[in-house]
Amino acid sequence: MNFFEIFNFEPDFNLDVNSLSARYKDLQRAFHPDQYASANESQKLLALQKATEINDAYATLKSTVSRAEYLLKLVGLDISHETTTVKDPSFLMQQMEYREKLEDISALSDPYDAIIEFEQELEQEQAELEATIGRELKSAHYEQAANAVRKLKFIKKLQVELERLEDEVSDI
Amino acid sequence: MAYSDKVIDHYENPRNVGGFDKNDPNVATGMVGAPACGDVMKLQLKISDAGIIEDAKFKTYGCGSAIASSSLVTEWVKGKSLDEASQIKNTDIAQELALPPVKIHCSILAEDAIKAAIDDYKTKHSS
């Protein structure tokens with residue numbers, strides 16, 4: 001049973017995260033160790049394995065990066081542990097500019113507005129890449145989908161850095 | 001994870017940070033990125049008309065190992081011809097800096113940056 005089937009979904013990148021969460025909670029409850037308190041050892045073990053599988057599946061499908069990587073893996077393209085180098089100059093130039101922007105923002109005395117604005121810019125970028133991933137997967141252009149996933153990872157990294165900066169600022 | 005002394009030295013005192021004008025015909029620019037960790041590296045080489053690398057600068061956003069790898073590479077390529085520079089292997093970088101296996105991709109990134117810069121120079125001078 002693949003991770004999508006566990007939640008009774010079709011293997012599709014465009015997944016309703018709200019119904020994923022709802023189905024996850026139902027399953028989690030059904031296989032919770034407390035439900036098996038009076039069961040025998042082998043039933044307990046099976047329930048525990050199932051609960052672990054449910055958690056793995058949920059964690060994988062919740063994020064768009066790991067969901068796309070999982071879909072690519074299902075068609076035989078494993079990019080989750082690759083050490084591929086991205087060489088697209090215009091994309092990387094923009095990444096450099098984003099990193100410089102992040103540095104500039106952290107040097108501001110009141111960076112709050114700039115952080116919000118940058119967050120929106122990255123969200124826009126994220127939405128565009130996710131739309132590309134969905135489209136390319138649907139048309140079975142797996143290499144193109146993989147490239148968009150790689151780019152999305154850079155955006156995710158920037159978002160983590162920006163969140164860290166926001167935490168630092170709000171601590172003051 | 002413990003960094004080696006050489007990584008810490010390059011990280012705390014990075015050599016040749018900065019850049020050159022990328023439109024200068026004698027300047028080669030290599031931009032590379034590693035999706036696994038989101039690291040971005042820019043390596044620029046100033047190349048004489050005789051094809052010797054006279055100077056090198058880098059700018060890297062990433063972990064200590066990525067910064068150390070690119071800093072080390074700027075030291076190594078100076079005085080080398082393009083052919084000699086293209087012989088630098090990620091294994092040499094990883095060995096010099098004693099990089100642990102999980103950081104090998106940082107040295108791969110630095111090797112790819114040299115190659116990307118050399119490709120850029122060849123493209124610039126092919127027409």
# chains A, B, ... in the order shown; residues from 1 in each chain; ligands from 1

call {"tool": "closest_atom_pairs", "arguments": {"of": "chain A", "to": "chain B", "cutoff": "10 Å", "atoms": "only C-alpha atoms", "output": "CSV"}}
result
residue,atom,partner,partner_atom,distance
A:Ile79,CA,B:Ala36,CA,9.4
A:Ser80,CA,B:Ala36,CA,8.0
A:His81,CA,B:Ala36,CA,7.4
A:Glu82,CA,B:Ala36,CA,7.2
A:Thr83,CA,B:His105,CA,5.9
A:Thr84,CA,B:Ala34,CA,6.7
A:Thr85,CA,B:Ala34,CA,5.1
A:Val86,CA,B:Gly33,CA,5.0
A:Lys87,CA,B:Val32,CA,5.0
A:Asp88,CA,B:Val32,CA,7.7
A:Pro89,CA,B:Met31,CA,6.2
A:Ser90,CA,B:Met31,CA,9.2
A:Phe91,CA,B:Gly33,CA,9.5
A:Leu92,CA,B:Met31,CA,6.5
A:Met93,CA,B:Met31,CA,7.5
A:Gln95,CA,B:Val40,CA,7.2
A:Met96,CA,B:Val40,CA,6.9
A:Arg99,CA,B:Tyr61,CA,7.2
A:Glu100,CA,B:Tyr61,CA,9.2
A:Asn147,CA,B:Pro35,CA,9.7
A:Val149,CA,B:Pro35,CA,8.7
A:Arg150,CA,B:Pro35,CA,5.2
A:Lys151,CA,B:Pro35,CA,6.9
A:Leu152,CA,B:Pro35,CA,8.4
A:Lys153,CA,B:Pro35,CA,5.8
A:Phe154,CA,B:Gly38,CA,4.6
A:Ile155,CA,B:Gly38,CA,8.0
A:Lys156,CA,B:Gly38,CA,8.3
A:Lys157,CA,B:Gly38,CA,5.8
A:Leu158,CA,B:Gly38,CA,7.9

call {"tool": "residues_around", "arguments": {"residues": "Val77 in chain B", "least_positions_apart": "6", "cutoff": "8 Å", "atoms": "only C-alpha atoms", "output": "MDAnalysis selection string"}}
result
chainID B and resid 53 56 85

call {"tool": "write_last_selection", "arguments": {"atoms": "N, CA, C and O atoms", "output": "PDB file, in the first residue's frame"}}
result
ATOM      1  N   ILE B  53      44.973  31.777 -14.563  1.00  0.00           N
ATOM      2  CA  ILE B  53      44.086  32.375 -13.556  1.00  0.00           C
ATOM      3  C   ILE B  53      44.922  33.258 -12.631  1.00  0.00           C
ATOM      4  O   ILE B  53      45.773  32.776 -11.888  1.00  0.00           O
ATOM      5  N   ALA B  56      41.092  35.092  -7.973  1.00  0.00           N
ATOM      6  CA  ALA B  56      39.806  34.392  -7.821  1.00  0.00           C
ATOM      7  C   ALA B  56      39.067  34.971  -6.622  1.00  0.00           C
ATOM      8  O   ALA B  56      39.680  35.351  -5.621  1.00  0.00           O
ATOM      9  N   ALA B  85      43.260  23.898 -13.645  1.00  0.00           N
ATOM     10  CA  ALA B  85      42.187  24.157 -12.671  1.00  0.00           C
ATOM     11  C   ALA B  85      41.055  23.146 -12.829  1.00  0.00           C
ATOM     12  O   ALA B  85      40.461  22.723 -11.839  1.00  0.00           O
TER      13      ALA B  85
END

call {"tool": "select_by_dssp", "arguments": {"residues": "range 5-167 of chain A", "states": "alpha helix (DSSP H)", "output": "number ranges by chain"}}
result
A: 5-6, 17-30, 41-62, 64-74, 89-107, 112-138, 142-167

call {"tool": "write_last_selection", "arguments": {"atoms": "C-alpha atoms", "output": "CSV table (one decimal), in the first residue's frame"}}
result
chain,number,residue,atom,x,y,z
A,5,GLU,CA,-3.6,4.6,-0.5
A,6,ILE,CA,-3.2,4.7,3.2
A,17,VAL,CA,-4.2,19.1,2.9
A,18,ASN,CA,-7.3,19.7,5.2
A,19,SER,CA,-8.8,16.3,4.3
A,20,LEU,CA,-5.4,14.7,4.6
A,21,SER,CA,-5.1,16.0,8.2
A,22,ALA,CA,-8.7,14.9,9.0
A,23,ARG,CA,-8.1,11.4,7.7
A,24,TYR,CA,-4.7,11.3,9.5
A,25,LYS,CA,-6.4,12.1,12.8
A,26,ASP,CA,-9.0,9.4,12.3
A,27,LEU,CA,-6.4,6.7,11.4
A,28,GLN,CA,-4.2,7.8,14.2
A,29,ARG,CA,-7.0,7.4,16.7
A,30,ALA,CA,-8.0,4.0,15.2
A,41,GLU,CA,1.3,-9.1,21.6
A,42,SER,CA,1.2,-9.7,17.9
A,43,GLN,CA,-1.9,-7.5,17.5
A,44,LYS,CA,-0.1,-4.8,19.5
A,45,LEU,CA,3.0,-5.0,17.3
A,46,LEU,CA,0.9,-4.8,14.1
A,47,ALA,CA,-1.0,-1.8,15.4
A,48,LEU,CA,2.3,-0.1,16.3
A,49,GLN,CA,3.7,-0.8,12.8
A,50,LYS,CA,0.6,0.6,11.2
A,51,ALA,CA,0.8,3.7,13.4
A,52,THR,CA,4.4,4.3,12.4
A,53,GLU,CA,3.5,3.9,8.7
A,54,ILE,CA,0.6,6.3,9.1
A,55,ASN,CA,2.9,8.9,10.7
A,56,ASP,CA,5.5,8.4,7.9
A,57,ALA,CA,2.9,8.7,5.2
A,58,TYR,CA,1.4,11.9,6.8
A,59,ALA,CA,4.8,13.6,7.2
A,60,THR,CA,5.7,12.7,3.6
A,61,LEU,CA,2.4,13.9,2.0
A,62,LYS,CA,2.0,17.0,4.1
A,64,THR,CA,4.8,19.7,-1.1
A,65,VAL,CA,8.5,19.0,-1.6
A,66,SER,CA,8.4,15.5,0.0
A,67,ARG,CA,5.0,14.8,-1.7
A,68,ALA,CA,6.5,15.5,-5.1
A,69,GLU,CA,9.7,13.6,-4.3
A,70,TYR,CA,7.5,10.6,-3.3
A,71,LEU,CA,5.4,10.8,-6.5
A,72,LEU,CA,8.7,10.9,-8.5
A,73,LYS,CA,10.0,7.9,-6.5
A,74,LEU,CA,6.8,6.0,-7.4
A,89,PRO,CA,22.4,30.8,-14.0
A,90,SER,CA,19.3,33.1,-14.0
A,91,PHE,CA,17.7,31.1,-11.2
A,92,LEU,CA,20.9,31.1,-9.1
A,93,MET,CA,21.5,34.8,-9.7
A,94,GLN,CA,18.1,35.4,-8.3
A,95,GLN,CA,18.9,33.1,-5.3
A,96,MET,CA,22.1,35.2,-4.7
A,97,GLU,CA,20.0,38.4,-4.8
A,98,TYR,CA,17.5,36.8,-2.3
A,99,ARG,CA,20.3,35.9,0.0
A,100,GLU,CA,21.7,39.5,-0.2
A,101,LYS,CA,18.2,40.8,0.5
A,102,LEU,CA,18.0,38.7,3.6
A,103,GLU,CA,21.3,40.1,4.8
A,104,ASP,CA,20.1,43.7,4.1
A,105,ILE,CA,16.9,43.0,6.0
A,106,SER,CA,18.7,41.7,9.0
A,107,ALA,CA,20.8,44.9,9.1
A,112,TYR,CA,9.3,44.0,10.3
A,113,ASP,CA,7.7,45.4,7.1
A,114,ALA,CA,10.5,44.2,4.9
A,115,ILE,CA,10.2,40.7,6.4
A,116,ILE,CA,6.5,40.6,5.6
A,117,GLU,CA,7.0,41.8,2.1
A,118,PHE,CA,9.8,39.3,1.4
A,119,GLU,CA,7.6,36.5,2.8
A,120,GLN,CA,4.9,37.4,0.3
A,121,GLU,CA,7.4,37.5,-2.5
A,122,LEU,CA,8.7,34.0,-1.6
A,123,GLU,CA,5.1,32.7,-1.2
A,124,GLN,CA,4.4,33.8,-4.7
A,125,GLU,CA,7.5,32.1,-5.9
A,126,GLN,CA,6.5,28.9,-4.0
A,127,ALA,CA,3.0,29.0,-5.5
A,128,GLU,CA,4.4,29.3,-9.0
A,129,LEU,CA,6.8,26.4,-8.6
A,130,GLU,CA,4.1,24.2,-7.0
A,131,ALA,CA,1.8,24.9,-10.0
A,132,THR,CA,4.7,23.9,-12.3
A,133,ILE,CA,5.3,20.7,-10.4
A,134,GLY,CA,1.6,19.8,-10.5
A,135,ARG,CA,1.4,20.5,-14.2
A,136,GLU,CA,4.6,18.6,-15.2
A,137,LEU,CA,3.7,15.6,-13.1
A,138,LYS,CA,0.3,15.4,-14.7
A,142,TYR,CA,9.2,13.9,-14.7
A,143,GLU,CA,12.6,15.5,-15.3
A,144,GLN,CA,11.0,18.9,-15.6
A,145,ALA,CA,9.0,18.2,-12.4
A,146,ALA,CA,12.2,17.2,-10.6
A,147,ASN,CA,13.9,20.5,-11.7
A,148,ALA,CA,11.0,22.5,-10.2
A,149,VAL,CA,11.2,20.5,-7.0
A,150,ARG,CA,14.9,21.3,-6.7
A,151,LYS,CA,14.2,25.0,-7.1
A,152,LEU,CA,11.4,24.7,-4.6
A,153,LYS,CA,13.9,23.4,-2.1
A,154,PHE,CA,15.9,26.6,-2.4
A,155,ILE,CA,12.8,28.7,-1.7
A,156,LYS,CA,11.9,26.5,1.3
A,157,LYS,CA,15.4,27.1,2.7
A,158,LEU,CA,15.1,30.8,2.3
A,159,GLN,CA,11.7,30.7,4.1
A,160,VAL,CA,13.3,28.9,7.0
A,161,GLU,CA,16.0,31.5,7.2
A,162,LEU,CA,13.5,34.3,7.0
A,163,GLU,CA,11.4,32.7,9.8
A,164,ARG,CA,14.5,32.5,11.9
A,165,LEU,CA,15.2,36.1,11.3
A,166,GLU,CA,11.6,37.0,12.2
A,167,ASP,CA,11.9,35.0,15.5

call {"tool": "atom_distance", "arguments": {"atom1": "CA of Asn26 in chain B", "atom2": "CA of Ile114 in chain B"}}
result
15.1 Å

call {"tool": "atom_distance", "arguments": {"atom1": "CA of Val102 in chain B", "atom2": "CA of Asn90 in chain B"}}
result
13.5 Å

call {"tool": "residues_around", "arguments": {"residues": "Phe20 in chain B", "least_positions_apart": "6", "cutoff": "10 Å", "atoms": "only C-alpha atoms", "output": "PDB file with N, CA, C and O atoms, in the first residue's frame"}}
result
ATOM      1  N   ASN B  26      37.721  39.271 -19.314  1.00  0.00           N
ATOM      2  CA  ASN B  26      38.712  38.416 -18.659  1.00  0.00           C
ATOM      3  C   ASN B  26      38.178  37.734 -17.403  1.00  0.00           C
ATOM      4  O   ASN B  26      38.901  37.018 -16.725  1.00  0.00           O
ATOM      5  N   VAL B  27      36.900  37.997 -17.093  1.00  0.00           N
ATOM      6  CA  VAL B  27      36.320  37.419 -15.883  1.00  0.00           C
ATOM      7  C   VAL B  27      35.387  36.255 -16.249  1.00  0.00           C
ATOM      8  O   VAL B  27      34.547  36.379 -17.133  1.00  0.00           O
ATOM      9  N   ALA B  28      35.588  35.131 -15.567  1.00  0.00           N
ATOM     10  CA  ALA B  28      34.724  33.967 -15.746  1.00  0.00           C
ATOM     11  C   ALA B  28      33.889  33.808 -14.480  1.00  0.00           C
ATOM     12  O   ALA B  28      34.415  33.914 -13.379  1.00  0.00           O
ATOM     13  N   THR B  29      32.594  33.576 -14.647  1.00  0.00           N
ATOM     14  CA  THR B  29      31.708  33.437 -13.491  1.00  0.00           C
ATOM     15  C   THR B  29      31.069  32.056 -13.478  1.00  0.00           C
ATOM     16  O   THR B  29      30.493  31.628 -14.479  1.00  0.00           O
ATOM     17  N   LEU B  43      31.594  31.606  -7.960  1.00  0.00           N
ATOM     18  CA  LEU B  43      33.055  31.639  -8.064  1.00  0.00           C
ATOM     19  C   LEU B  43      33.423  32.445  -9.300  1.00  0.00           C
ATOM     20  O   LEU B  43      32.892  32.204 -10.381  1.00  0.00           O
ATOM     21  N   GLN B  44      34.311  33.432  -9.117  1.00  0.00           N
ATOM     22  CA  GLN B  44      34.751  34.227 -10.268  1.00  0.00           C
ATOM     23  C   GLN B  44      36.263  34.137 -10.416  1.00  0.00           C
ATOM     24  O   GLN B  44      37.000  34.219  -9.429  1.00  0.00           O
ATOM     25  N   LEU B  45      36.699  33.982 -11.654  1.00  0.00           N
ATOM     26  CA  LEU B  45      38.123  33.875 -11.953  1.00  0.00           C
ATOM     27  C   LEU B  45      38.525  35.017 -12.871  1.00  0.00           C
ATOM     28  O   LEU B  45      37.791  35.343 -13.804  1.00  0.00           O
ATOM     29  N   LYS B  46      39.683  35.610 -12.574  1.00  0.00           N
ATOM     30  CA  LYS B  46      40.226  36.632 -13.485  1.00  0.00           C
ATOM     31  C   LYS B  46      41.331  35.949 -14.281  1.00  0.00           C
ATOM     32  O   LYS B  46      42.299  35.453 -13.706  1.00  0.00           O
ATOM     33  N   ASP B  55      43.567  35.723 -10.508  1.00  0.00           N
ATOM     34  CA  ASP B  55      42.918  36.034  -9.233  1.00  0.00           C
ATOM     35  C   ASP B  55      41.581  35.293  -9.191  1.00  0.00           C
ATOM     36  O   ASP B  55      41.033  34.923 -10.234  1.00  0.00           O
ATOM     37  N   ALA B  56      41.092  35.092  -7.973  1.00  0.00           N
ATOM     38  CA  ALA B  56      39.806  34.392  -7.821  1.00  0.00           C
ATOM     39  C   ALA B  56      39.067  34.971  -6.622  1.00  0.00           C
ATOM     40  O   ALA B  56      39.680  35.351  -5.621  1.00  0.00           O
ATOM     41  N   LYS B  57      37.752  35.082  -6.766  1.00  0.00           N
ATOM     42  CA  LYS B  57      36.910  35.562  -5.660  1.00  0.00           C
ATOM     43  C   LYS B  57      35.683  34.667  -5.551  1.00  0.00           C
ATOM     44  O   LYS B  57      35.237  34.082  -6.542  1.00  0.00           O
ATOM     45  N   PHE B  58      35.127  34.595  -4.350  1.00  0.00           N
ATOM     46  CA  PHE B  58      33.912  33.799  -4.206  1.00  0.00           C
ATOM     47  C   PHE B  58      32.921  34.472  -3.283  1.00  0.00           C
ATOM     48  O   PHE B  58      33.254  35.333  -2.474  1.00  0.00           O
TER      49      PHE B  58
END
